[in-house]
Each structure stands twice: as C-alpha cells, then as structure tokens.
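Below you'll find the structure, written out as structure tokens, and then a few comments.
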Amino acid sequence: MYSVSGIAMLSTFKDFNLMQEHSNEEFKSFNVDVWQHDGHAGALIPLLQSAQNTYGYVSEQAINHISHVTGISQAEIYGVVTFYAQFRTKPLGRNVIKVCNGTACHVNGAKMVYDTVQDELNITYDETTDDGSFSLISVACLGCCSLAPVITINGEVFGRLDATKLRKILREAKKRARETAVQNN
Amino acid sequence: MKTITIGLGTCGVSAGGEKVFKAFHDELKEHPGTFQIKETGCVGMCYREVLVEISNGGDVSHMYGDVTPERVGRIVDEDVIGNTVIEDWLVSGAGREKGFFENQTRIVLRNCGKIDPGSMEEYVGTGGYQALEKVLKTMTPESVIDEVLKSGLRGRGGAGFPTGTKWKLTRAAAGTKKYIICNADEGDPGAFMDRSVLESDPHAVLEGMIIAAYAVGSDDLYIYCRAEYPKAIARLNQAIGQARRKGYLGKNILGTHFSFDIKIKEGAGAFVCGEETALIASIEGRRGMPRFRPPFPANAGLWGRPTSINNVETFANISWIILNGGAAYAAYGTADSKGTKVFAMAGKVRRTGLVEVPMGITINKIIFDVCGGIVNDRKFKAVQMGGPSGGCIPASMCETPIDYQQINKTGAIMGSGGLIVMDETTCMVDVARYFLTFTQSESCGKCTFCRIGTKRMLEILERISIGQGTMNDLDNLEELSLQIKSATLCGLGQSAPNPVITTLKYFRDEYVAHIQEKKCPAHVCASLLTYTINDKCTGCTVCAKACASNAITGSRKEIHVVDQEACIKCGKCFTVCRFDAVDKL
Ligand SMILES: Cc1cc2nc3c(=O)[nH]c(=O)nc-3n(C[C@H](O)[C@H](O)[C@H](O)COP(=O)(O)O)c2cc1C
Ligand code: FES
C-alpha cells in the first residue's frame, strides 16, 4: 500500500521507474499552450490540471517542466500542488473508487460504505491495493445527494447503497479487474 | 408525433438514465417514425429518477418515474404506440406526489427539466436572451442596477448581500478594467442547486452574467466551477460556444459597441476557494488563501481590479427580473427577504431533490407539504441549513419562516440552500463532529484560531463521541467557539463553530448522555454501542472470522455470541452480517 496524495511528494522524487516512463518527447504533449494564450500567472492551475490529465498525476518532472516554462519557482508550484485536494503526486491504481463523505451521505450511512469497501479491498482512504488494481479516495459530495449514500467506480455512480448491494458491486468490480489483468498478461 | 423526454442531469445519469436513453433508441429502431427522443436536465424530482416524460406534441404530457431499461419496452408498446397510459408508473399516479410542484414557485428553475440544455434554440424559445436585448437596447446601466435594487434580490451564495448594491459599488469603483465572476464552486457538501441549474439551464446563468457585465461596465467574465462537476463544465462550454456563434458573446454584441467574453476556470478541490478572496487568489494561480477585507473585491478584486462576484443562482434570477420587473420579484417573500430560494433537499426526507419556494414559507411546509415528510414516518428531529457554516434547527423551531433574519436568529444561516433533514436515527454530536472534521481539514491554515482552534474543538468532539468526554469539555467547546468566531480572518473560521454552537444549544442532553451515561441515544457513535447477535443468526461464522479481537464465539449452524468484555466495538460484525442478525444498541 502506498499513499496517493499529499505530502508523500518527497518519496516521489526517488521514484525513478515512474520518471523514466516519460521520455522528453512524450513530455511535451501536455498543454503548455495554456500559458502562451493566457499570459497570466493564472495559467498555473490549468497547467497542473493538464499535466495531471495527461499522466494521471503531477510528477516531479512535470513540476520541473512547468517551472521552466513559466519561471515560477518549483517550491511555489509545489505549494500550489499540495494546497489543492485535486492534485496527486503519485499515480492512482487502475480502478478508482470514490466514496462520498458529503453531509447527505454521512447522514445516510457513509461509514457503513467505508467499512464495507475497507473490508473487501483491505485499503483505507488514499491508498492503493498492492497489485495496483484499486485506489480508494474520499470525496466531499458527488452532487447526487438524493441517491445517498453514493460511491463511484471509475466515474460510474452507484447510489442508494446498503452493505449487501455494495458488497455485490465490489465483488463484481474485483472480478472484472482480475479478468482484465489476465487478459493483459 | 409523440416526444419522449428523458432526464439526464447528473441525478438522472446516476440512476441509470443513459441506459434508459439507449433502450428508447433501440425501441425507436424497431418502430421507426413513431416517436422522437429528447434529453433534458433535472426537474428536481431526483428521488424518482429516471424520469421520462411523454408528450403528444401539444401541452398535454405525463411523466413516468423510476424508469428502468426493462420498463422501456412496455412504455413504448402500451403508451407511445397503444395510447394507454400506464397509471401505476406515473409519478403523479394515485396522488402520490401531491404538493411537490403545487407548493413551488419556479423562477430560477423555470426551465430546468423542461428544455434541452444543449439547445440554445429551446432557451431562446422560452424568451431567453430577450432580457439581454432589452437591456442593451433600451436600458442604461444605472437603470439595470435600479431594477435589481428594486427586486430586493440578495446574493444566494450564502452571505445574502444585496446584489444591486454590489453592482452599484463595482460600477462606482475607480478604474476602467472590471471583472464579473460567477461563483460556481458550490462547496457545501450536500448541496447541489448550482450544479443542477448549470446542467439544466446554462444559458440563463450566462445571460444573467452578461447583463451584470453591462451594468457594472465589465467586458471580462469568469466562471469558477468546481472540477467535480464535469457535466456542468461541459454544458457551460457548449453554451458559451453557442452564444458566441449567435453573437451574444464576443465583439459588438447585437450591433452595439459592447463586447463581452466568458472564460471558465476549473477549481481544484478546496472548499475555502468558495470564499470570494480565496477564489480570486485561485484564479490568479495561487494557493486559495483568503485575505483581509476591506478592500472588498468591488474595489480591488481579480488582478487588483474592481470585481463583482455573484453566485450561480443569483445570476439565474436576473433575466426574469429584467423581463418581469423588480417589483414582480419583490412581490414574493417577506420584508427582509424577497423572491424565491432554491433548496437542495437531502437526508432523511422522503422526496429528495430540488425545490424552489417563495421566501417566507415555513421550514415545516417545505419538509412536509412539498417534500412529503420523513422517510419511514420516523420522528423528525432537526434540519441542518447552511452546510459547514450553518447550524441545526430543531423540529420544535421549524415553524420559522425562510427569511435571512429569522433563520439567523436560530443560529443557523440561510446559506447556499443545502437542507439536510435529520430524524431520530441521526446523532447530533456526530453531526457536529462531522462538520468540524470537514472545516478542520479545509482550513487553509493562515490564521491560528482557525487552524488550531478548530483542531482543538474536533479533538474534544472526538473524545465525547467515544465516551471519554467530561462536562468541562462542554464549557471549553463554548469558549473556543466564541474565540474562533471573533478572531478568524474569513467566513470559514468565523462560521466553523456554528454547527457545534447550535447542537449544544438545542441538543445539550445528547452531549450529556454521551458524557455521563456513555450512551449515544441515536445509536450512531460506534464506541458507545453494544453489539449483540439475535436469533436470525444462521451460524455462518462470517462474523466470528471477521472479528479482530476474537470476541465472537459459536460453532457452525449455531447462534453466535459476542463477548462484551473482549468486544472493541469496531462494528465489523454488523457490517459483514448478511442476515440482519447483529443488533447494535
Ligand atoms: C468558506 C466559504 C465558502 C464559500 N463557498 C461559496 C460557494 O461555494 N458558492 C458561493 O456562491 N459562495 C460561496 N461563499 C460566499 C462567497 O464568498 C460570496 O459571498 C458569494 O459568492 C457572493 O455571491 P452572492 O452575493 O451572489 O451570494 C463562501 C464563503 C465562505 C466564507
Ligand atoms: S453528499 Fe454524497 S453525493 Fe452529495
């Protein structure tokens, strides 16, 4: 299990395998044009977003690159990255489960949801399973409060959950994950 | 030809709307030319999604709720082709949803769930962009501001500042370059009005923003939308593109010398960025930390220029006010609070979804007459208004009318419109702890009282919820609340203690039960529960295997027993049991 967000940044710096995945050629592909068009410091967050959209997380190399293009210091960029919940400094697992912890979901049983997910996958929030197949994230309100409690798996929403229904959904997701893993081998 | 309209807002999609949409398409292939399919946003009846409306071309239509792909075939065969309405599946069938629409007054939600949000023609067909034409061709900026002042409209983002006054101040501020920002950050976890409006009627928001820009003298408009709302962002992008092509955005609008353009900025997940100065910092590409006001954004906002920031719902009211007049808007509501307010209903209420009611109606009327009362007829306990900045109003005070002043008197706030209904199975200590956990983790860390004060409060609440609190803790909570309220910089800190203050005021006995009797009256706080196994137990041994402290004994096919001494109250047995055989008391 490893942490997928926040202060684990320093350990990312040592993660040479991940860094080597992006050759410089590949690296240019994220949308640095944002900077040229906007011309304002305001482009920093869109730049980070496009880096994350391209690679799934904001790597050290992405920060270097953005710093080089914009002239904003790496330290300042790192400060922005860690301020916002959206940015990750580690890649996520192949499947992402988001558990809603908004008020409506909290009142309608988000704890049960978390307990069940934790029991099935053996990971807690901001962790990824050892085989890299699932990451678990807590979010504040997915905007479908009327279906509370709610989770999403890879963006697909599952609402009005109870423990039995959720367990079934998770077992199916695990089965699918295993099947794709076998196919890819 | 009949038209089938399917609700595909986020709520509709979450409930399986896209599968239903596809099922109708498949049916259409089998019966070509019998009907046409249309998509729409959210009418607010989220609890009955997927909603499908069948209309005969004219004004006559009826709506089915809880539609699944499996039901589509029968709807097409019997209703669309056979002309026989399936009474049992109607949302209005047997008077079931009586009162839901009848008790609402829809201004902001006027088009939501009616028009196709992807079609600018449909928006224009309902009178869209007429207000903008009227403004540009017949009104001065001052007279626009006067009309908004006359309407009595107050900001719907939470603080309730008079919108006309804000525009007037921004117009009067020195400088030629000015900005309009639409706050679509909707940070209150449990509120979804802004999302629904953006998804269901994006042009109404754009039109309101352009009118605001004309009124304050701005040509540069921003929408700051939370990234968790991909569908709303897509709708906005689409609508902006359409408005540009039709000449409502861009240079020399409608042949005048005015130019306006709108950019979308996606948030990056920080509650505090809903606060206006933090939002501005975030658009400028910095950490979203609030700063001291004054100067207010009306004088020094984005890039230091005069800026008017308004909420999504505020903007969605504007074109209606221009077309119908400020006085017509002010005819709704109370002396202090005019017009209507949209509420996102969630929690233990029967009809969860969006409702828009005139100001001045009572909370009880919203919960019982509009929203059908409490799920499973359990006892109504309290309602939480205003999210993490708001408070809990007990059932006994729910004759309070929806009015800024009256709501403030209870200790809650109007807020942005999240209304979470709680029943006897909700623990008020747990609710307070929940909100403090939220504000504590969202505090930007700039001021000490917010950063450390909320942490200390949270520690106390955590202690109480595991039965280790003392009566002294309650005094400390009150003391800390007062200090945090008076010594913090922005609205986040100043309002963070509200959930604690109100629950302590109205539900002190629950705190006392946690402390003195070590009991959670609502059976929520895990460590204060006792787990026992009843005779529904089949002896499957799953709980015994799951128990980390080996507190459960019993052999296969026999009723198991929990050893209370060894039990650490983790609740695992309750979670894993598939036979409802574990009781928690
Ligand atoms: C912590 C905090 C969070 C806020 N979040 C939001 C929000 O999500 N949406 C919003 O419109 N206003 C929010 N506000 C209020 C804004 O600061 C501002 O008052 C509002 O956008 C002004 O628009 P209005 O006058 O139309 O209400 C928040 C304020 C604070 C202190
Ligand atoms: S609170 Fe969970 S979706 Fe809104």
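Letters for chains follow the order of the structure tokens (A, B, ...), residue numbers begin at 1 for each chain, and ligand numbers begin at 1 in the order shown.
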**Item:** Distance filter 7 Å around ligand 1, atoms: only C-alpha atoms and all ligand atoms, out as a PyMOL selection string
**Value:** chain B and resi 154-163+183-188+271-276+309-312+314+416+490-492
Could you name the residues that touch Ile367 in chain B at 12 Å or less, counting only C-alpha atoms, but leaving out those on the same chain fewer than 6 positions away, as a JSON list (two decimals) with N, CA, C and O atoms, in the first residue's frame?
[["chain", "number", "residue", "atom", "x", "y", "z"],
["B", 99, "GLY", "N", -48.56, 17.96, -4.02],
["B", 99, "GLY", "CA", -47.93, 19.04, -3.27],
["B", 99, "GLY", "C", -46.53, 19.37, -3.73],
["B", 99, "GLY", "O", -46.01, 20.43, -3.44],
["B", 100, "PHE", "N", -45.88, 18.45, -4.44],
["B", 100, "PHE", "CA", -44.48, 18.70, -4.77],
["B", 100, "PHE", "C", -44.34, 19.91, -5.69],
["B", 100, "PHE", "O", -43.57, 20.83, -5.39],
["B", 103, "ASN", "N", -46.74, 23.49, -4.50],
["B", 103, "ASN", "CA", -46.28, 24.42, -3.48],
["B", 103, "ASN", "C", -45.00, 25.17, -3.86],
["B", 103, "ASN", "O", -44.41, 25.84, -3.04],
["B", 343, "PHE", "N", -33.84, 25.12, -2.74],
["B", 343, "PHE", "CA", -33.23, 24.29, -1.71],
["B", 343, "PHE", "C", -32.93, 22.90, -2.26],
["B", 343, "PHE", "O", -33.71, 22.35, -3.03],
["B", 344, "ALA", "N", -31.77, 22.39, -1.87],
["B", 344, "ALA", "CA", -31.40, 21.03, -2.21],
["B", 344, "ALA", "C", -31.78, 20.16, -1.01],
["B", 344, "ALA", "O", -31.20, 20.29, 0.06],
["B", 345, "MET", "N", -32.78, 19.33, -1.20],
["B", 345, "MET", "CA", -33.30, 18.54, -0.09],
["B", 345, "MET", "C", -32.59, 17.19, -0.05],
["B", 345, "MET", "O", -32.55, 16.47, -1.04],
["B", 346, "ALA", "N", -32.03, 16.85, 1.11],
["B", 346, "ALA", "CA", -31.36, 15.56, 1.22],
["B", 346, "ALA", "C", -31.47, 15.06, 2.64],
["B", 346, "ALA", "O", -32.02, 15.74, 3.51],
["B", 347, "GLY", "N", -30.95, 13.90, 2.88],
["B", 347, "GLY", "CA", -31.03, 13.32, 4.22],
["B", 347, "GLY", "C", -32.24, 12.42, 4.36],
["B", 347, "GLY", "O", -32.60, 11.70, 3.44],
["B", 348, "LYS", "N", -32.91, 12.52, 5.51],
["B", 348, "LYS", "CA", -33.97, 11.55, 5.83],
["B", 348, "LYS", "C", -35.35, 12.00, 5.38],
["B", 348, "LYS", "O", -36.36, 11.67, 5.98],
["B", 349, "VAL", "N", -35.40, 12.82, 4.34],
["B", 349, "VAL", "CA", -36.69, 13.30, 3.86],
["B", 349, "VAL", "C", -37.14, 12.41, 2.70],
["B", 349, "VAL", "O", -36.33, 11.82, 2.00],
["B", 350, "ARG", "N", -38.47, 12.29, 2.55],
["B", 350, "ARG", "CA", -38.98, 11.36, 1.57],
["B", 350, "ARG", "C", -38.63, 11.78, 0.14],
["B", 350, "ARG", "O", -38.13, 10.98, -0.63],
["B", 351, "ARG", "N", -38.92, 13.04, -0.18],
["B", 351, "ARG", "CA", -38.65, 13.48, -1.55],
["B", 351, "ARG", "C", -37.35, 14.27, -1.57],
["B", 351, "ARG", "O", -37.34, 15.44, -1.22],
["B", 352, "THR", "N", -36.28, 13.61, -1.96],
["B", 352, "THR", "CA", -35.01, 14.32, -2.05],
["B", 352, "THR", "C", -34.89, 14.90, -3.45],
["B", 352, "THR", "O", -35.30, 14.28, -4.42],
["B", 353, "GLY", "N", -34.35, 16.09, -3.53],
["B", 353, "GLY", "CA", -34.20, 16.72, -4.83],
["B", 353, "GLY", "C", -34.19, 18.22, -4.68],
["B", 353, "GLY", "O", -33.80, 18.74, -3.63],
["B", 354, "LEU", "N", -34.60, 18.92, -5.73],
["B", 354, "LEU", "CA", -34.54, 20.37, -5.72],
["B", 354, "LEU", "C", -35.93, 20.98, -5.67],
["B", 354, "LEU", "O", -36.80, 20.57, -6.43],
["B", 355, "VAL", "N", -36.10, 21.95, -4.78],
["B", 355, "VAL", "CA", -37.38, 22.66, -4.74],
["B", 355, "VAL", "C", -37.11, 24.15, -4.71],
["B", 355, "VAL", "O", -36.10, 24.60, -4.18],
["B", 357, "VAL", "N", -39.00, 27.63, -3.56],
["B", 357, "VAL", "CA", -40.18, 28.12, -2.84],
["B", 357, "VAL", "C", -40.07, 29.63, -2.62],
["B", 357, "VAL", "O", -38.97, 30.17, -2.59],
["B", 361, "ILE", "N", -42.10, 31.10, 3.43],
["B", 361, "ILE", "CA", -42.84, 29.90, 3.84],
["B", 361, "ILE", "C", -42.03, 29.19, 4.93],
["B", 361, "ILE", "O", -40.83, 29.39, 5.07],
["B", 373, "GLY", "N", -42.55, 14.75, 4.01],
["B", 373, "GLY", "CA", -42.24, 14.28, 5.36],
["B", 373, "GLY", "C", -41.03, 13.37, 5.43],
["B", 373, "GLY", "O", -40.20, 13.33, 4.52],
["B", 374, "ILE", "N", -40.94, 12.65, 6.54],
["B", 374, "ILE", "CA", -39.73, 11.89, 6.85],
["B", 374, "ILE", "C", -39.83, 10.46, 6.33],
["B", 374, "ILE", "O", -40.90, 9.85, 6.37],
["B", 375, "VAL", "N", -38.70, 9.92, 5.90],
["B", 375, "VAL", "CA", -38.64, 8.54, 5.42],
["B", 375, "VAL", "C", -39.13, 7.59, 6.50],
["B", 375, "VAL", "O", -38.80, 7.76, 7.68],
["B", 380, "PHE", "N", -39.20, 13.33, 13.11],
["B", 380, "PHE", "CA", -38.39, 14.43, 12.60],
["B", 380, "PHE", "C", -37.65, 15.07, 13.77],
["B", 380, "PHE", "O", -38.26, 15.42, 14.77],
["B", 381, "LYS", "N", -36.34, 15.22, 13.60],
["B", 381, "LYS", "CA", -35.57, 15.73, 14.74],
["B", 381, "LYS", "C", -35.04, 17.14, 14.49],
["B", 381, "LYS", "O", -35.18, 18.02, 15.33],
["B", 382, "ALA", "N", -34.41, 17.36, 13.36],
["B", 382, "ALA", "CA", -33.79, 18.66, 13.12],
["B", 382, "ALA", "C", -33.49, 18.81, 11.65],
["B", 382, "ALA", "O", -33.54, 17.83, 10.90],
["B", 383, "VAL", "N", -33.20, 20.05, 11.25],
["B", 383, "VAL", "CA", -32.79, 20.25, 9.89],
["B", 383, "VAL", "C", -31.51, 21.08, 9.92],
["B", 383, "VAL", "O", -31.35, 21.97, 10.75],
["B", 395, "ALA", "N", -36.65, 20.46, 15.39],
["B", 395, "ALA", "CA", -38.01, 20.33, 14.84],
["B", 395, "ALA", "C", -38.97, 21.32, 15.50],
["B", 395, "ALA", "O", -39.84, 21.88, 14.84],
["B", 398, "CYS", "N", -39.25, 24.64, 13.69],
["B", 398, "CYS", "CA", -39.36, 24.63, 12.23],
["B", 398, "CYS", "C", -40.60, 25.35, 11.70],
["B", 398, "CYS", "O", -40.90, 25.28, 10.52],
["B", 399, "GLU", "N", -41.30, 26.07, 12.59],
["B", 399, "GLU", "CA", -42.31, 27.00, 12.08],
["B", 399, "GLU", "C", -41.64, 28.31, 11.65],
["B", 399, "GLU", "O", -42.31, 29.23, 11.19],
["B", 419, "LEU", "N", -30.28, 21.71, 2.45],
["B", 419, "LEU", "CA", -31.19, 21.48, 3.58],
["B", 419, "LEU", "C", -31.15, 19.98, 3.89],
["B", 419, "LEU", "O", -31.69, 19.18, 3.12],
["B", 420, "ILE", "N", -30.47, 19.62, 4.96],
["B", 420, "ILE", "CA", -30.33, 18.20, 5.28],
["B", 420, "ILE", "C", -31.28, 17.88, 6.43],
["B", 420, "ILE", "O", -31.17, 18.44, 7.52],
["B", 421, "VAL", "N", -32.19, 16.97, 6.16],
["B", 421, "VAL", "CA", -33.21, 16.64, 7.15],
["B", 421, "VAL", "C", -32.72, 15.46, 8.00],
["B", 421, "VAL", "O", -32.18, 14.49, 7.48],
["B", 422, "MET", "N", -32.91, 15.61, 9.31],
["B", 422, "MET", "CA", -32.42, 14.57, 10.21],
["B", 422, "MET", "C", -33.55, 14.01, 11.05],
["B", 422, "MET", "O", -34.45, 14.75, 11.46],
["B", 423, "ASP", "N", -33.51, 12.71, 11.31],
["B", 423, "ASP", "CA", -34.55, 12.10, 12.13],
["B", 423, "ASP", "C", -33.93, 11.52, 13.39],
["B", 423, "ASP", "O", -32.75, 11.75, 13.67]]
**Request:** Rank nothing, just name the residue among A:Ala43, A:Ala110, A:Ala75, A:Ala62 nearest to ligand 2, using only C-alpha atoms and all ligand atoms.
**Result:**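 Nearest to ligand 2: A:Ala110.
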Contacts of chain A with chain B up to 8 Å, shortest pair per row, only C-alpha atoms, as a tab-separated table:
residue	atom	partner	partner_atom	distance
A:His40	CA	B:Glu284	CA	7.6
A:Ala41	CA	B:Gly285	CA	5.7
A:Gly42	CA	B:Glu284	CA	4.0
A:Ala43	CA	B:Gly285	CA	6.2
A:Leu44	CA	B:Gly285	CA	5.2
A:Ile45	CA	B:Gly285	CA	5.5
A:Pro46	CA	B:Glu266	CA	7.6
A:Gly79	CA	B:Arg287	CA	7.2
A:Val80	CA	B:Arg287	CA	5.1
A:Phe83	CA	B:Arg287	CA	6.1
A:Tyr84	CA	B:Gly269	CA	5.5
A:Ala85	CA	B:Gly269	CA	5.0
A:Gln86	CA	B:Ala268	CA	5.1
A:Phe87	CA	B:Ala268	CA	7.4
A:Asn101	CA	B:Pro189	CA	8.0
A:Gly102	CA	B:Pro189	CA	4.5
A:Thr103	CA	B:Gly190	CA	5.0
A:Ala104	CA	B:Gly347	CA	5.0
A:Cys105	CA	B:Gly347	CA	7.6
A:His106	CA	B:Tyr434	CA	8.0
A:Val107	CA	B:Gly347	CA	6.3
A:Asn108	CA	B:Gly347	CA	6.4
A:Met112	CA	B:Thr575	CA	6.7
A:Asp115	CA	B:Thr575	CA	6.9
A:Thr116	CA	B:Thr575	CA	6.4
A:Ala140	CA	B:Pro189	CA	5.4
A:Cys141	CA	B:Pro189	CA	4.8
A:Leu142	CA	B:Glu228	CA	6.9
A:Gly143	CA	B:Phe192	CA	5.4
A:Cys144	CA	B:Cys11	CA	5.4
A:Cys145	CA	B:Gly190	CA	6.0
A:Ser146	CA	B:Thr352	CA	5.0
A:Leu147	CA	B:Tyr47	CA	7.2
A:Ala148	CA	B:Gly347	CA	7.7
A:Glu156	CA	B:Ser14	CA	7.4
A:Val157	CA	B:Ser14	CA	5.1
A:Phe158	CA	B:Ser14	CA	6.8
A:Gly159	CA	B:Ser14	CA	7.3
A:Ala163	CA	B:Thr575	CA	6.7
A:Thr164	CA	B:Arg578	CA	6.7
Output C-alpha atoms for every residue in the selection just made, as an mmCIF file, in the first residue's frame.
data_model
loop_
_atom_site.group_PDB
_atom_site.id
_atom_site.type_symbol
_atom_site.label_atom_id
_atom_site.label_comp_id
_atom_site.auth_asym_id
_atom_site.auth_seq_id
_atom_site.Cartn_x
_atom_site.Cartn_y
_atom_site.Cartn_z
ATOM 1 C CA HIS A 40 -1.035 35.394 -16.797
ATOM 2 C CA ALA A 41 0.176 33.622 -13.700
ATOM 3 C CA GLY A 42 -3.416 32.373 -13.658
ATOM 4 C CA ALA A 43 -2.410 29.622 -16.041
ATOM 5 C CA LEU A 44 -0.530 27.685 -13.369
ATOM 6 C CA ILE A 45 -3.528 25.699 -12.150
ATOM 7 C CA PRO A 46 -4.771 24.855 -15.675
ATOM 8 C CA GLY A 79 2.978 24.775 -2.617
ATOM 9 C CA VAL A 80 0.080 25.094 -5.025
ATOM 10 C CA PHE A 83 -2.838 23.028 -1.343
ATOM 11 C CA TYR A 84 -5.476 21.614 -3.647
ATOM 12 C CA ALA A 85 -7.093 18.259 -2.996
ATOM 13 C CA GLN A 86 -7.341 17.537 -6.707
ATOM 14 C CA PHE A 87 -3.617 17.186 -7.340
ATOM 15 C CA ASN A 101 -18.443 11.762 2.543
ATOM 16 C CA GLY A 102 -20.724 14.727 1.967
ATOM 17 C CA THR A 103 -23.360 15.582 4.552
ATOM 18 C CA ALA A 104 -26.226 13.719 2.921
ATOM 19 C CA CYS A 105 -24.117 10.589 2.514
ATOM 20 C CA HIS A 106 -22.727 10.890 6.023
ATOM 21 C CA VAL A 107 -26.215 11.024 7.488
ATOM 22 C CA ASN A 108 -27.343 8.134 5.286
ATOM 23 C CA MET A 112 -21.132 1.637 6.515
ATOM 24 C CA ASP A 115 -16.381 -0.153 6.374
ATOM 25 C CA THR A 116 -17.604 -2.399 3.596
ATOM 26 C CA ALA A 140 -16.996 15.659 -0.338
ATOM 27 C CA CYS A 141 -20.245 15.384 -2.250
ATOM 28 C CA LEU A 142 -20.565 13.978 -5.737
ATOM 29 C CA GLY A 143 -23.677 16.061 -6.306
ATOM 30 C CA CYS A 144 -26.100 13.117 -6.293
ATOM 31 C CA CYS A 145 -27.119 13.570 -2.676
ATOM 32 C CA SER A 146 -30.625 12.417 -3.491
ATOM 33 C CA LEU A 147 -29.198 8.919 -4.040
ATOM 34 C CA ALA A 148 -27.134 8.902 -0.824
ATOM 35 C CA GLU A 156 -19.837 5.337 -12.764
ATOM 36 C CA VAL A 157 -22.213 6.231 -9.933
ATOM 37 C CA PHE A 158 -23.735 3.648 -7.604
ATOM 38 C CA GLY A 159 -26.350 5.027 -5.234
ATOM 39 C CA ALA A 163 -23.994 -3.309 2.715
ATOM 40 C CA THR A 164 -25.298 -6.250 0.695
#
**Request:** Would you list the contacts of range 119-122 of chain A as number ranges by chain, taking every protein, DNA or RNA residue within 8 Å and counting only C-alpha atoms, but skipping same-chain residues closer than 5 positions in sequence?
**Result:** A: 129, 134, 167, 170-171
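Counting only C-alpha atoms and all ligand atoms and comparing A:Leu166, A:Ile151, A:Ile137, A:Val113, the residue that lies closest to ligand 2 is A:Ile151.
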**Message:** Please return, as a ChimeraX atom specification, all residues of range 63-188 of chain B that DSSP assigns to helix (DSSP H, G or I) on the basis of the backbone.
**Reply:** /B:69-81,87-89,93-95,120-125,130-138,141-151,163-172
